[in-house]
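This report refers to the structure that appears directly beneath it.
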Amino acid sequence: MAVLSLFASLQGIAETIADRKTHDFKSRYHAMEQLEQLAAQKNELQKHLKKLEIEIATGLGAQIGSHRANIVRQACFASVAVVQAAPSIKFGVKIMQALCDKTETNWVTRRHLSHAGQVICANIPSSTILKLLSLKIDEGKSKHQVLPCVGYLYSLITNQDPAWLKEQKKLIESCILAAMRSFNAQSRRAGVACANAYNT
């Protein structure tokens with residue numbers, strides 16, 4: 001695919017997935033499927049995604065908020081593919097905002113959401129993501145929101161460079177303490193696992 005048509009395709013995808021109400025759900029699904037495929041063109045994607053990364057990340061975030069399981073799943077697949085091909089803090093933060101806001105009870109969908117968040121946290125070192133996790137863990141009113149966020153934190157702690165983690169000591173400790181204060185026992189245990197991973 002030529003560079004020009006790649007950029008045009010990205011523009012079309014951004015427009016199609018702009019929110020949950022635009023276009024029919026099949027169009028949004030296929031647009032995200034196309035984005036996942038375009039991510040295979042890693043070098044070209046890195047050159048041109050920056051011009052549209054906020055629009056695309058915002059659109060994917062909107063689709064993550066969908067009530068349709070297949071739309072949410074494909075949004076996760078596309079997000080993971082883009083992050084692995086062209087890691088970007090701005091893109092990652094936008095997707096993480098949507099993931100942290102999502103309260104999902106279906107275990108299959110939760111698994112896809114969790115994987116997407118873990119991949120982002122493993123690939124993108126960001127103090128903004130840490131602040132977001134700390135806030136969501138602290139204020140979370142449902143275990144289906146808090147527990148995934150603690151899982152994202154664990155992925156970040158276990159995959160990032162030790163020097164960077166040391167720089168973020170206060171933020172990480174704040175996240176861990178929030179998890180260990182959680183109303184949910186699973187989240188508290190996950191917080192202990194994060195503390196153990198951070199201190200080893």
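Scheme for the structure tokens: letters A, B, ... for chains in order shown; per-chain residue numbers from 1; ligand numbers from 1 in order shown.
Residue neighbourhood of Lys131 of chain A, excluding near-sequence residues (fewer than 3 positions): Ser126, Ser127, Thr128, Ser134, Leu135, Lys136, Leu171, Ile172, Ser174 and Cys175 of chain A, at 9 Å, using only C-alpha atoms.
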According to DSSP computed on the backbone, where in segment 67-187 of chain A is there alpha helix (DSSP H)? Give the residues as a count of residues only. 98
Show which residues sit within 7 Å of segment 24-30 of chain A, as a PDB file with N, CA, C and O atoms, in the first residue's frame. Count only C-alpha atoms, and ignore same-chain residues fewer than 5 positions away.
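Below you can see selection_2.pdb, which holds the result:
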ATOM      1  N   THR A  16     -14.623   6.929  10.882  1.00  0.00           N
ATOM      2  CA  THR A  16     -15.622   5.878  11.088  1.00  0.00           C
ATOM      3  C   THR A  16     -15.799   5.527  12.555  1.00  0.00           C
ATOM      4  O   THR A  16     -16.908   5.237  13.014  1.00  0.00           O
ATOM      5  N   ILE A  17     -14.709   5.549  13.312  1.00  0.00           N
ATOM      6  CA  ILE A  17     -14.793   5.141  14.722  1.00  0.00           C
ATOM      7  C   ILE A  17     -14.852   6.342  15.680  1.00  0.00           C
ATOM      8  O   ILE A  17     -14.614   6.202  16.877  1.00  0.00           O
ATOM      9  N   ILE A  71     -17.492  -5.438  19.273  1.00  0.00           N
ATOM     10  CA  ILE A  71     -16.890  -4.116  19.028  1.00  0.00           C
ATOM     11  C   ILE A  71     -15.776  -3.853  20.042  1.00  0.00           C
ATOM     12  O   ILE A  71     -14.676  -3.409  19.695  1.00  0.00           O
ATOM     13  N   GLN A  74     -12.734  -6.063  19.229  1.00  0.00           N
ATOM     14  CA  GLN A  74     -11.953  -5.602  18.084  1.00  0.00           C
ATOM     15  C   GLN A  74     -11.218  -4.306  18.394  1.00  0.00           C
ATOM     16  O   GLN A  74     -10.109  -4.077  17.902  1.00  0.00           O
TER      17      GLN A  74
END
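Counting only C-alpha atoms and comparing A:Ile120, A:Leu99, A:Leu153, A:Ala179, the residue that lies closest to Val80 of chain A is A:Ile120.
In terms of minimum interatomic distance to Gly59 of chain A, A:Ala18 ranks closest within A:Ile89, A:Leu147, A:Ala18, A:Val72, counting only C-alpha atoms.
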Would you kindly return, as a ChimeraX atom specification, each protein, DNA or RNA residue with an atom no farther than 12 Å from any atom of Val150 of chain A, considering only C-alpha atoms and excluding same-chain residues fewer than 6 positions away? /A:100,114,117-118,121,130,132-138,140,143-144,156-157,172,174-182,184,186-195
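Going from atom CA of Ala57 of chain A over to atom CA of Phe91 of chain A, you cover 5.5 Å.
In this model, the gap between atom CA of Ser142 of chain A and atom CA of Val82 of chain A comes to 29.1 Å.
The shortest atom-to-atom distance to Arg68 of chain A, with only C-alpha atoms taken into account, belongs to A:Arg20 out of A:Arg20, A:Lys50, A:Lys170, A:Lys90.
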Top pick for closest residue to Pro148 of chain A, considering A:Glu36, A:Glu53, A:Glu104, A:Glu15 and counting only C-alpha atoms: A:Glu104
What gap, in Å, lies between atom CA of Ala163 of chain A and atom CA of Asn199 of chain A? 13.2 Å
Please list as JSON, numbers by chain every residue within 10 Å of Lys51 of chain A, counting only C-alpha atoms and excluding residues in the same chain fewer than 5 positions away. {"A": [7, 10, 11, 46, 56]}
How would the residues just picked look written out with C-alpha atoms as a PDB file, in the first residue's frame?
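Okay, result31.pdb is ready:
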ATOM      1  CA  PHE A   7      -2.656   7.927   5.383  1.00  0.00           C
ATOM      2  CA  LEU A  10      -6.054   6.057   8.613  1.00  0.00           C
ATOM      3  CA  GLN A  11      -8.157   9.184   8.069  1.00  0.00           C
ATOM      4  CA  GLN A  46       5.161   5.011  12.723  1.00  0.00           C
ATOM      5  CA  ILE A  56      -7.738   7.282  16.330  1.00  0.00           C
TER       6      ILE A  56
END
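You can rank A:Ala185, A:Pro125, A:Asn196, A:Gln84 by their closest distance to Pro162 of chain A using only C-alpha atoms, and at the top of that list sits A:Pro125.
Among the candidates A:Leu38, A:Lys102, A:Gly92, A:Ile129, the residue lying nearest to Ile64 of chain A is A:Lys102 (atoms considered: only C-alpha atoms).
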